[in-house]
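Structure data (mmCIF, C-alpha atoms) from start23.cif:
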```
data_work
loop_
_atom_site.group_PDB
_atom_site.id
_atom_site.type_symbol
_atom_site.label_atom_id
_atom_site.label_comp_id
_atom_site.auth_asym_id
_atom_site.auth_seq_id
_atom_site.Cartn_x
_atom_site.Cartn_y
_atom_site.Cartn_z
ATOM 1 C CA MET A 1 36.479 40.333 120.624
ATOM 2 C CA ILE A 2 38.327 37.431 122.349
ATOM 3 C CA PRO A 3 42.147 37.552 122.612
ATOM 4 C CA SER A 4 42.698 34.949 119.888
ATOM 5 C CA ASP A 5 40.707 37.122 117.455
ATOM 6 C CA VAL A 6 42.834 40.126 118.373
ATOM 7 C CA ASP A 7 45.967 38.138 117.574
ATOM 8 C CA LYS A 8 44.548 37.089 114.202
ATOM 9 C CA ALA A 9 43.535 40.661 113.394
ATOM 10 C CA ASN A 10 47.024 41.912 114.246
ATOM 11 C CA GLU A 11 48.470 39.478 111.697
ATOM 12 C CA LEU A 12 46.298 40.812 108.863
ATOM 13 C CA VAL A 13 47.800 43.255 106.363
ATOM 14 C CA VAL A 14 45.701 45.931 104.669
ATOM 15 C CA GLN A 15 47.026 44.907 101.258
ATOM 16 C CA GLN A 16 45.823 41.343 101.836
ATOM 17 C CA LEU A 17 42.325 42.589 102.629
ATOM 18 C CA ARG A 18 42.338 44.901 99.627
ATOM 19 C CA SER A 19 43.492 42.063 97.365
ATOM 20 C CA PHE A 20 40.633 39.884 98.579
ATOM 21 C CA CYS A 21 38.152 42.696 97.801
ATOM 22 C CA LEU A 22 39.589 43.192 94.311
ATOM 23 C CA VAL A 23 39.369 39.494 93.503
ATOM 24 C CA TYR A 24 35.810 39.459 94.836
ATOM 25 C CA GLU A 25 34.814 42.482 92.727
ATOM 26 C CA ASN A 26 36.452 41.190 89.550
ATOM 27 C CA HIS A 27 35.374 37.543 89.966
ATOM 28 C CA SER A 28 38.858 36.571 88.837
ATOM 29 C CA TYR A 29 42.461 36.527 90.028
ATOM 30 C CA ALA A 30 43.662 37.356 86.511
ATOM 31 C CA ALA A 31 41.355 40.380 86.153
ATOM 32 C CA ALA A 32 42.360 41.665 89.590
ATOM 33 C CA ALA A 33 46.038 41.182 88.694
ATOM 34 C CA ARG A 34 45.632 43.234 85.511
ATOM 35 C CA LYS A 35 43.985 46.023 87.461
ATOM 36 C CA THR A 36 46.635 46.157 90.204
ATOM 37 C CA GLY A 37 49.783 45.265 88.281
ATOM 38 C CA ARG A 38 50.530 42.462 90.745
ATOM 39 C CA SER A 39 50.917 38.844 89.701
ATOM 40 C CA VAL A 40 48.246 36.188 90.018
ATOM 41 C CA PRO A 41 50.376 34.072 92.425
ATOM 42 C CA THR A 42 50.868 37.137 94.656
ATOM 43 C CA LEU A 43 47.134 37.803 94.844
ATOM 44 C CA TRP A 44 46.441 34.128 95.437
ATOM 45 C CA GLU A 45 48.889 34.062 98.352
ATOM 46 C CA GLN A 46 47.368 37.181 99.862
ATOM 47 C CA VAL A 47 43.850 35.747 99.661
ATOM 48 C CA ARG A 48 45.119 32.470 101.158
ATOM 49 C CA SER A 49 46.550 34.469 104.079
ATOM 50 C CA VAL A 50 43.133 36.016 104.666
ATOM 51 C CA GLU A 51 41.501 32.572 104.540
ATOM 52 C CA LYS A 52 43.973 31.242 107.100
ATOM 53 C CA ARG A 53 43.316 34.112 109.515
ATOM 54 C CA TYR A 54 39.537 33.734 109.280
ATOM 55 C CA GLU A 55 39.686 29.928 108.967
ATOM 56 C CA VAL A 56 37.244 29.838 106.048
ATOM 57 C CA ILE A 57 37.199 29.195 102.304
ATOM 58 C CA LEU A 58 36.524 32.437 100.415
ATOM 59 C CA PHE A 59 36.406 31.287 96.774
ATOM 60 C CA ARG A 60 35.574 28.039 95.031
ATOM 61 C CA ARG A 61 36.485 27.265 91.463
ATOM 62 C CA LYS A 62 33.655 26.545 89.037
ATOM 63 C CA GLY A 63 35.089 25.617 85.665
ATOM 64 C CA ARG A 64 37.376 28.450 84.642
ATOM 65 C CA LYS A 65 35.715 30.895 87.001
ATOM 66 C CA ILE A 66 35.729 31.390 90.760
ATOM 67 C CA GLU A 67 32.683 32.025 92.887
ATOM 68 C CA PRO A 68 32.640 33.673 96.336
ATOM 69 C CA THR A 69 31.381 31.624 99.243
ATOM 70 C CA ALA A 70 28.827 32.872 101.768
ATOM 71 C CA SER A 71 31.741 33.726 104.070
ATOM 72 C CA ALA A 72 33.270 35.861 101.329
ATOM 73 C CA GLU A 73 29.985 37.764 100.945
ATOM 74 C CA VAL A 74 29.921 38.580 104.669
ATOM 75 C CA LEU A 75 33.593 39.501 104.802
ATOM 76 C CA TYR A 76 33.434 41.743 101.723
ATOM 77 C CA THR A 77 30.418 43.650 103.054
ATOM 78 C CA SER A 78 32.258 44.229 106.340
ATOM 79 C CA LEU A 79 35.609 45.203 104.835
ATOM 80 C CA ARG A 80 34.609 47.749 102.204
ATOM 81 C CA PRO A 81 33.585 50.521 104.646
ATOM 82 C CA LEU A 82 36.634 49.767 106.815
ATOM 83 C CA LEU A 83 39.023 50.126 103.861
ATOM 84 C CA ALA A 84 37.250 53.290 102.731
ATOM 85 C CA GLY A 85 37.679 54.676 106.234
ATOM 86 C CA ILE A 86 41.407 53.920 106.183
ATOM 87 C CA ASP A 87 41.757 55.611 102.795
ATOM 88 C CA SER A 88 39.982 58.724 104.072
ATOM 89 C CA THR A 89 42.445 59.155 106.967
ATOM 90 C CA PHE A 90 45.134 60.284 104.518
ATOM 91 C CA GLU A 91 42.781 62.867 103.050
ATOM 92 C CA ARG A 92 41.799 64.172 106.470
ATOM 93 C CA ILE A 93 45.407 64.493 107.668
ATOM 94 C CA ARG A 94 46.394 66.169 104.398
ATOM 95 C CA GLU A 95 43.490 68.582 104.767
ATOM 96 C CA PHE A 96 44.429 69.344 108.386
ATOM 97 C CA ASN A 97 47.934 70.308 107.337
ATOM 98 C CA THR A 98 47.130 72.181 104.109
ATOM 99 C CA LEU A 99 43.753 73.781 104.990
ATOM 100 C CA GLY A 100 42.157 71.656 102.265
ATOM 101 C CA ALA A 101 43.703 73.583 99.368
ATOM 102 C CA ASP A 102 42.795 70.937 96.821
ATOM 103 C CA THR A 103 40.100 69.907 94.336
ATOM 104 C CA VAL A 104 36.707 68.526 95.365
ATOM 105 C CA THR A 105 34.683 66.565 92.800
ATOM 106 C CA LEU A 106 30.896 66.873 92.920
ATOM 107 C CA VAL A 107 28.608 64.792 90.674
ATOM 108 C CA THR A 108 25.151 66.193 90.018
ATOM 109 C CA GLY A 109 22.482 66.715 87.366
ATOM 110 C CA VAL A 110 22.025 69.547 84.882
ATOM 111 C CA ARG A 111 18.713 70.693 86.342
ATOM 112 C CA MET A 112 20.058 70.854 89.903
ATOM 113 C CA MET A 113 23.097 72.819 88.746
ATOM 114 C CA CYS A 114 20.982 75.271 86.742
ATOM 115 C CA GLU A 115 18.239 75.804 89.294
ATOM 116 C CA GLU A 116 19.463 75.202 92.842
ATOM 117 C CA LEU A 117 23.154 74.664 93.392
ATOM 118 C CA GLY A 118 24.557 77.918 92.015
ATOM 119 C CA ALA A 119 23.884 79.948 95.185
ATOM 120 C CA PRO A 120 25.308 77.504 97.769
ATOM 121 C CA LEU A 121 28.347 76.729 95.610
ATOM 122 C CA ALA A 122 29.017 80.456 95.201
ATOM 123 C CA LYS A 123 28.942 80.798 99.002
ATOM 124 C CA PHE A 124 31.358 77.880 99.253
ATOM 125 C CA HIS A 125 33.739 79.608 96.858
ATOM 126 C CA GLU A 126 33.581 82.772 98.971
ATOM 127 C CA GLU A 127 34.394 80.845 102.146
ATOM 128 C CA LEU A 128 37.100 78.575 100.687
ATOM 129 C CA PRO A 129 38.454 80.232 97.519
ATOM 130 C CA GLN A 130 41.587 78.042 97.652
ATOM 131 C CA VAL A 131 39.511 74.908 96.980
ATOM 132 C CA ARG A 132 38.766 74.157 93.336
ATOM 133 C CA LEU A 133 35.392 72.638 92.540
ATOM 134 C CA ARG A 134 35.215 70.006 89.818
ATOM 135 C CA LEU A 135 31.589 69.667 88.742
ATOM 136 C CA VAL A 136 30.645 66.521 86.824
ATOM 137 C CA HIS A 137 27.298 65.763 85.213
ATOM 138 C CA GLY A 138 26.023 62.280 85.960
ATOM 139 C CA ASP A 139 22.859 60.261 86.472
ATOM 140 C CA ASP A 140 22.298 57.997 89.484
ATOM 141 C CA ASP A 141 24.340 55.133 88.061
ATOM 142 C CA THR A 142 27.271 57.407 87.193
ATOM 143 C CA ALA A 143 27.171 59.006 90.636
ATOM 144 C CA VAL A 144 27.142 55.638 92.409
ATOM 145 C CA ARG A 145 29.991 54.333 90.241
ATOM 146 C CA MET A 146 32.201 57.378 90.777
ATOM 147 C CA ILE A 147 31.546 57.472 94.512
ATOM 148 C CA SER A 148 32.223 53.722 94.807
ATOM 149 C CA GLU A 149 35.461 54.025 92.816
ATOM 150 C CA GLY A 150 36.608 57.014 94.854
ATOM 151 C CA THR A 151 36.799 59.303 91.789
ATOM 152 C CA ALA A 152 34.182 61.668 93.259
ATOM 153 C CA ASP A 153 33.944 63.087 96.778
ATOM 154 C CA LEU A 154 30.229 63.838 96.854
ATOM 155 C CA ALA A 155 27.165 63.366 94.667
ATOM 156 C CA LEU A 156 23.691 64.870 94.683
ATOM 157 C CA THR A 157 20.937 62.723 93.197
ATOM 158 C CA LEU A 158 17.241 62.114 93.576
ATOM 159 C CA GLU A 159 16.798 59.842 96.589
ATOM 160 C CA ARG A 160 16.362 56.236 95.563
ATOM 161 C CA GLY A 161 13.697 53.899 96.880
ATOM 162 C CA PRO A 162 14.563 51.410 99.631
ATOM 163 C CA GLU A 163 14.888 48.600 97.087
ATOM 164 C CA GLN A 164 17.697 50.484 95.322
ATOM 165 C CA LYS A 165 20.090 50.988 98.231
ATOM 166 C CA ASP A 166 23.752 50.534 97.356
ATOM 167 C CA SER A 167 26.036 48.576 99.691
ATOM 168 C CA LEU A 168 29.072 50.801 99.016
ATOM 169 C CA VAL A 169 27.349 54.179 99.035
ATOM 170 C CA THR A 170 25.517 56.012 101.812
ATOM 171 C CA SER A 171 22.489 58.219 101.215
ATOM 172 C CA GLU A 172 21.698 61.253 103.378
ATOM 173 C CA ARG A 173 18.826 63.641 102.679
ATOM 174 C CA ALA A 174 19.903 67.119 101.583
ATOM 175 C CA TYR A 175 16.701 69.043 100.782
ATOM 176 C CA THR A 176 13.109 68.622 99.651
ATOM 177 C CA ILE A 177 11.767 69.050 96.133
ATOM 178 C CA ASP A 178 8.395 68.547 94.454
ATOM 179 C CA TYR A 179 7.228 66.608 91.473
ATOM 180 C CA LEU A 180 6.258 69.197 88.892
ATOM 181 C CA ALA A 181 4.249 69.413 85.687
ATOM 182 C CA VAL A 182 6.044 71.564 83.103
ATOM 183 C CA PHE A 183 4.368 73.002 79.999
ATOM 184 C CA PRO A 184 4.370 76.180 77.853
ATOM 185 C CA GLU A 185 2.871 79.273 79.461
ATOM 186 C CA ASP A 186 0.097 79.386 76.849
ATOM 187 C CA HIS A 187 -0.902 75.744 77.454
ATOM 188 C CA PRO A 188 -4.554 75.112 78.470
ATOM 189 C CA LEU A 189 -3.351 73.548 81.753
ATOM 190 C CA ASN A 190 -2.013 76.921 82.851
ATOM 191 C CA ARG A 191 -5.591 78.188 83.208
ATOM 192 C CA LYS A 192 -6.354 75.640 85.926
ATOM 193 C CA LYS A 193 -5.718 76.553 89.570
ATOM 194 C CA ARG A 194 -5.060 72.953 90.648
ATOM 195 C CA LEU A 195 -3.934 70.106 88.417
ATOM 196 C CA GLY A 196 -4.988 66.520 88.839
ATOM 197 C CA LEU A 197 -3.550 63.483 87.096
ATOM 198 C CA ASN A 198 -6.751 63.227 85.070
ATOM 199 C CA ASP A 199 -5.979 66.687 83.668
ATOM 200 C CA LEU A 200 -2.400 65.775 82.760
ATOM 201 C CA ILE A 201 -3.036 62.567 80.877
ATOM 202 C CA ARG A 202 -5.274 64.300 78.370
ATOM 203 C CA TYR A 203 -1.989 65.361 76.779
ATOM 204 C CA PRO A 204 1.140 63.483 75.660
ATOM 205 C CA ILE A 205 3.495 63.001 78.598
ATOM 206 C CA ILE A 206 7.287 63.316 78.688
ATOM 207 C CA ILE A 207 8.763 61.501 81.660
ATOM 208 C CA GLY A 208 11.761 59.535 82.857
ATOM 209 C CA HIS A 209 12.333 55.989 81.621
ATOM 210 C CA ARG A 210 11.139 52.983 83.616
ATOM 211 C CA ALA A 211 14.278 52.754 85.767
ATOM 212 C CA THR A 212 13.730 56.239 87.229
ATOM 213 C CA SER A 213 12.026 56.763 90.586
ATOM 214 C CA GLY A 214 9.644 59.423 89.266
ATOM 215 C CA ARG A 215 8.346 57.182 86.500
ATOM 216 C CA ALA A 216 7.624 54.342 88.908
ATOM 217 C CA LEU A 217 5.772 56.655 91.304
ATOM 218 C CA PHE A 218 3.761 58.272 88.492
ATOM 219 C CA GLU A 219 2.645 54.923 87.084
ATOM 220 C CA GLN A 220 1.800 53.519 90.531
ATOM 221 C CA THR A 221 -0.392 56.547 91.232
ATOM 222 C CA LEU A 222 -2.122 56.277 87.847
ATOM 223 C CA HIS A 223 -2.783 52.594 88.501
ATOM 224 C CA ARG A 224 -4.241 53.347 91.929
ATOM 225 C CA GLU A 225 -6.624 55.877 90.378
ATOM 226 C CA GLY A 226 -7.533 53.638 87.433
ATOM 227 C CA LEU A 227 -5.984 55.926 84.829
ATOM 228 C CA THR A 228 -3.195 53.752 83.424
ATOM 229 C CA SER A 229 -4.969 52.980 80.141
ATOM 230 C CA LYS A 230 -5.206 56.694 79.319
ATOM 231 C CA LEU A 231 -1.469 57.343 79.600
ATOM 232 C CA ASN A 232 0.172 58.463 76.344
ATOM 233 C CA ILE A 233 3.950 58.772 76.658
ATOM 234 C CA ALA A 234 5.474 60.917 73.920
ATOM 235 C CA ALA A 235 9.086 60.533 75.076
ATOM 236 C CA GLU A 236 11.145 58.918 77.822
ATOM 237 C CA THR A 237 14.313 60.589 79.113
ATOM 238 C CA ASP A 238 17.032 59.891 81.651
ATOM 239 C CA ASN A 239 17.259 63.417 83.082
ATOM 240 C CA SER A 240 15.051 66.418 83.776
ATOM 241 C CA ALA A 241 16.934 68.746 81.418
ATOM 242 C CA PHE A 242 16.082 66.465 78.471
ATOM 243 C CA THR A 243 12.455 66.341 79.590
ATOM 244 C CA ILE A 244 12.286 70.148 79.716
ATOM 245 C CA SER A 245 13.866 70.394 76.254
ATOM 246 C CA CYS A 246 11.158 68.105 74.865
ATOM 247 C CA VAL A 247 8.482 70.276 76.497
ATOM 248 C CA ARG A 248 10.032 73.382 74.950
ATOM 249 C CA ALA A 249 9.928 71.651 71.555
ATOM 250 C CA GLY A 250 6.159 71.200 71.942
ATOM 251 C CA MET A 251 6.139 67.427 72.382
ATOM 252 C CA GLY A 252 3.908 67.358 75.449
ATOM 253 C CA VAL A 253 3.690 67.924 79.209
ATOM 254 C CA GLY A 254 6.780 67.086 81.228
ATOM 255 C CA ILE A 255 6.906 65.419 84.649
ATOM 256 C CA VAL A 256 10.080 66.304 86.552
ATOM 257 C CA ALA A 257 11.335 66.467 90.119
ATOM 258 C CA GLY A 258 12.504 69.946 91.061
ATOM 259 C CA GLN A 259 11.659 73.291 92.588
ATOM 260 C CA ALA A 260 9.070 75.719 91.258
ATOM 261 C CA VAL A 261 11.589 78.537 90.831
ATOM 262 C CA GLU A 262 12.467 80.673 87.838
ATOM 263 C CA SER A 263 15.566 79.592 85.982
ATOM 264 C CA PRO A 264 17.093 79.889 82.502
ATOM 265 C CA LEU A 265 16.290 76.208 82.004
ATOM 266 C CA THR A 266 12.534 76.795 82.250
ATOM 267 C CA SER A 267 12.128 80.372 81.023
ATOM 268 C CA ARG A 268 8.735 80.909 79.338
ATOM 269 C CA LEU A 269 7.540 77.591 80.722
ATOM 270 C CA ALA A 270 4.992 77.094 83.495
ATOM 271 C CA LYS A 271 5.716 74.862 86.494
ATOM 272 C CA ARG A 272 2.963 73.468 88.688
ATOM 273 C CA SER A 273 3.458 71.376 91.799
ATOM 274 C CA LEU A 274 2.044 67.841 91.844
ATOM 275 C CA SER A 275 2.836 67.269 95.523
ATOM 276 C CA HIS A 276 -0.879 66.821 96.275
ATOM 277 C CA CYS A 277 -0.884 63.876 93.812
ATOM 278 C CA LEU A 278 2.602 62.407 94.032
ATOM 279 C CA GLY A 279 3.928 63.677 97.359
ATOM 280 C CA GLN A 280 7.370 65.173 97.817
ATOM 281 C CA ALA A 281 10.769 63.934 96.745
ATOM 282 C CA TYR A 282 14.219 64.389 98.219
ATOM 283 C CA ILE A 283 17.622 65.224 96.861
ATOM 284 C CA ALA A 284 20.213 63.122 98.682
ATOM 285 C CA PHE A 285 23.918 63.423 99.333
ATOM 286 C CA ARG A 286 25.746 60.287 98.232
ATOM 287 C CA ARG A 287 29.109 59.426 99.790
ATOM 288 C CA LYS A 288 31.297 56.368 99.976
ATOM 289 C CA LYS A 289 30.331 54.200 102.924
ATOM 290 C CA GLY A 290 32.938 54.291 105.676
ATOM 291 C CA ARG A 291 34.708 57.314 104.198
ATOM 292 C CA GLN A 292 34.676 60.179 106.672
ATOM 293 C CA PRO A 293 33.765 63.533 105.057
ATOM 294 C CA THR A 294 36.536 66.118 105.186
ATOM 295 C CA LYS A 295 35.850 69.607 106.519
ATOM 296 C CA VAL A 296 35.665 70.826 102.932
ATOM 297 C CA VAL A 297 33.022 68.264 101.939
ATOM 298 C CA ARG A 298 31.102 68.898 105.144
ATOM 299 C CA THR A 299 31.146 72.637 104.382
ATOM 300 C CA ILE A 300 29.593 72.028 100.950
ATOM 301 C CA MET A 301 26.896 69.843 102.492
ATOM 302 C CA ASP A 302 26.097 72.375 105.227
ATOM 303 C CA LEU A 303 25.863 75.303 102.781
ATOM 304 C CA ILE A 304 23.545 73.361 100.463
ATOM 305 C CA ARG A 305 21.292 72.462 103.375
ATOM 306 C CA GLU A 306 21.277 76.009 104.794
ATOM 307 C CA THR A 307 20.537 77.604 101.419
ATOM 308 C CA LEU A 308 17.915 75.173 100.175
ATOM 309 C CA ALA A 309 16.178 74.071 103.385
#
```
Would you mind writing the file's structure down as structure tokens?
Amino acid sequence: MIPSDVDKANELVVQQLRSFCLVYENHSYAAAARKTGRSVPTLWEQVRSVEKRYEVILFRRKGRKIEPTASAEVLYTSLRPLLAGIDSTFERIREFNTLGADTVTLVTGVRMMCEELGAPLAKFHEELPQVRLRLVHGDDDTAVRMISEGTADLALTLERGPEQKDSLVTSERAYTIDYLAVFPEDHPLNRKKRLGLNDLIRYPIIIGHRATSGRALFEQTLHREGLTSKLNIAAETDNSAFTISCVRAGMGVGIVAGQAVESPLTSRLAKRSLSHCLGQAYIAFRRKKGRQPTKVVRTIMDLIRETLA
């Protein structure tokens, strides 16, 4: 960085940068003003200060709306992790001085909570009993929203494909799971030692909706093997617990991502791995980009990895 850039950076104020990001996110000075409680002229002046320092135009008016310029796109992408990092310094200092005696919010799915996370979270409670866990159910979109907004500290979701990466959220693999076929113990499929996709699609299928990673993978594999026309979907769901409930009701064979372990969720149901057909899947930690994990959050992550590796 050349000296003149250092001087410009020294003149910037965090509130100015945050105001620019809010206007960018809300596509409007008025909407950003309502959210912050500051006036439109104040936000406009703060954005103008940012424009002067960077010597660029950040927004252009189009009718009654404003649109970000290419420079605004670049600046926003660069600033969000920096601002998140600044925010996390307060949390880290507070934790250092209070031993982290606070609440940690974890967003996850019903199936994960019922089948895998109980043991590592119990160990966490033993190690740090002064820290209260707030457990929130949420799908991928809910997890990403809460992490982006800063209302959750950590999320555990099925790893998304590369085309679904989020600019404000980081993804870090936690542990491996399989794609599983789930059906009643007395189902004809339970008599087979190894299941193929051709065996499964003889029966109605219960699977995630089209926006889920498992559904996309399942349909791609069927297409590759020339079996798409034989697929009969009885129900689409947005989480594995719903899929399992439909299986229990006798609606068909469920396709879920999980571990072939006994749990109350799948009692009296058979689980068979489809890793030889569909490969493996991963559960990922989701955190806000640029936000440094506290010792408490890092402890949760380490215990989950150690217990479920």
task: Compare A:Leu133, A:Ala119, A:Ala84, A:Leu79 by their minimum atom-to-atom distance to Gly150 (chain A), counting only C-alpha atoms, and give me the closest one.
output: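 Ranking A:Leu133, A:Ala119, A:Ala84, A:Leu79 by distance to Gly150 (chain A), first place goes to A:Ala84.
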Give me, as CSV, each residue of region 117-192 of chain A that comes within 9 Å of region 300-309 of chain A, together with its shortest interatomic pair and the distance in Å at one decimal, counting only C-alpha atoms, with rows ordered by chain and rising residue number.
```
residue,atom,partner,partner_atom,distance
A:Leu117,CA,A:Ile304,CA,7.2
A:Ala119,CA,A:Thr307,CA,7.5
A:Pro120,CA,A:Ile304,CA,5.2
A:Leu121,CA,A:Ile300,CA,7.2
A:Lys123,CA,A:Leu303,CA,7.3
A:Phe124,CA,A:Ile300,CA,6.3
A:Leu154,CA,A:Met301,CA,8.9
A:Ala174,CA,A:Arg305,CA,5.8
A:Tyr175,CA,A:Ala309,CA,5.7
A:Thr176,CA,A:Ala309,CA,7.3
```
query: So, counting only C-alpha atoms, which residue among A:Ala270, A:Val169, A:Val296, A:Leu106 is closest to Arg191 (chain A)?
result: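 Of the candidates, the smallest distance to Arg191 (chain A) is held by A:Ala270.
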- request: Please work out which residues fall within 12 Å of (0.1, 73.4, 91.5), coordinates as given in the file, with only C-alpha atoms counting, and return them as JSON, numbers by chain.
  value: {"A": [178, 179, 180, 181, 182, 189, 190, 191, 192, 193, 194, 195, 196, 197, 199, 200, 259, 260, 270, 271, 272, 273, 274, 275, 276, 277, 278, 279]}
- request: Rank nothing, just name the residue among A:Glu219, A:Glu45, A:Asp140, A:Glu25 nearest to Leu231 (chain A), using only C-alpha atoms.
  value: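 Closest candidate: A:Glu219.
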message: I need the output of the PyMOL selection byres ((chain A and resi 153) around 12) for this file as an MDAnalysis selection string; which residues are they?
response: chainID A and resid 84 88 91 102:108 133:136 143:152 154:156 169 285:289 291:298 300:301
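Picked by the PyMOL selection byres ((chain A and resi 28) around 10) from the coordinates shown: Leu22, Val23, Tyr24, Glu25, Asn26, His27, Tyr29, Ala30, Ala31, Ala32, Ala33, Val40, Phe59, Arg61, Arg64, Lys65, Ile66 and Glu67 of chain A.
One finds CA of Lys35 (chain A) at 19.5 Å from CA of Leu168 (chain A).
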task: Spell out the residues picked by the PyMOL selection byres ((chain A and resi 212) around 12) here, as a PyMOL selection string.
output: chain A and resi 139-141+157-161+164+207-211+213-219+236-240+255-257
- prompt: CA of Glu11 (chain A) and CA of Arg60 (chain A), how far apart in Å?
  reply: 24.0 Å
- prompt: If you count all atoms listed in the file, which residues fall within 8 Å of Tyr76 (chain A), apart from same-chain ones fewer than 4 positions away, as an MDAnalysis selection string?
  reply: chainID A and resid 21 24 72 80
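CA of Ser263 (chain A) is positioned 24.8 Å from CA of Glu127 (chain A).
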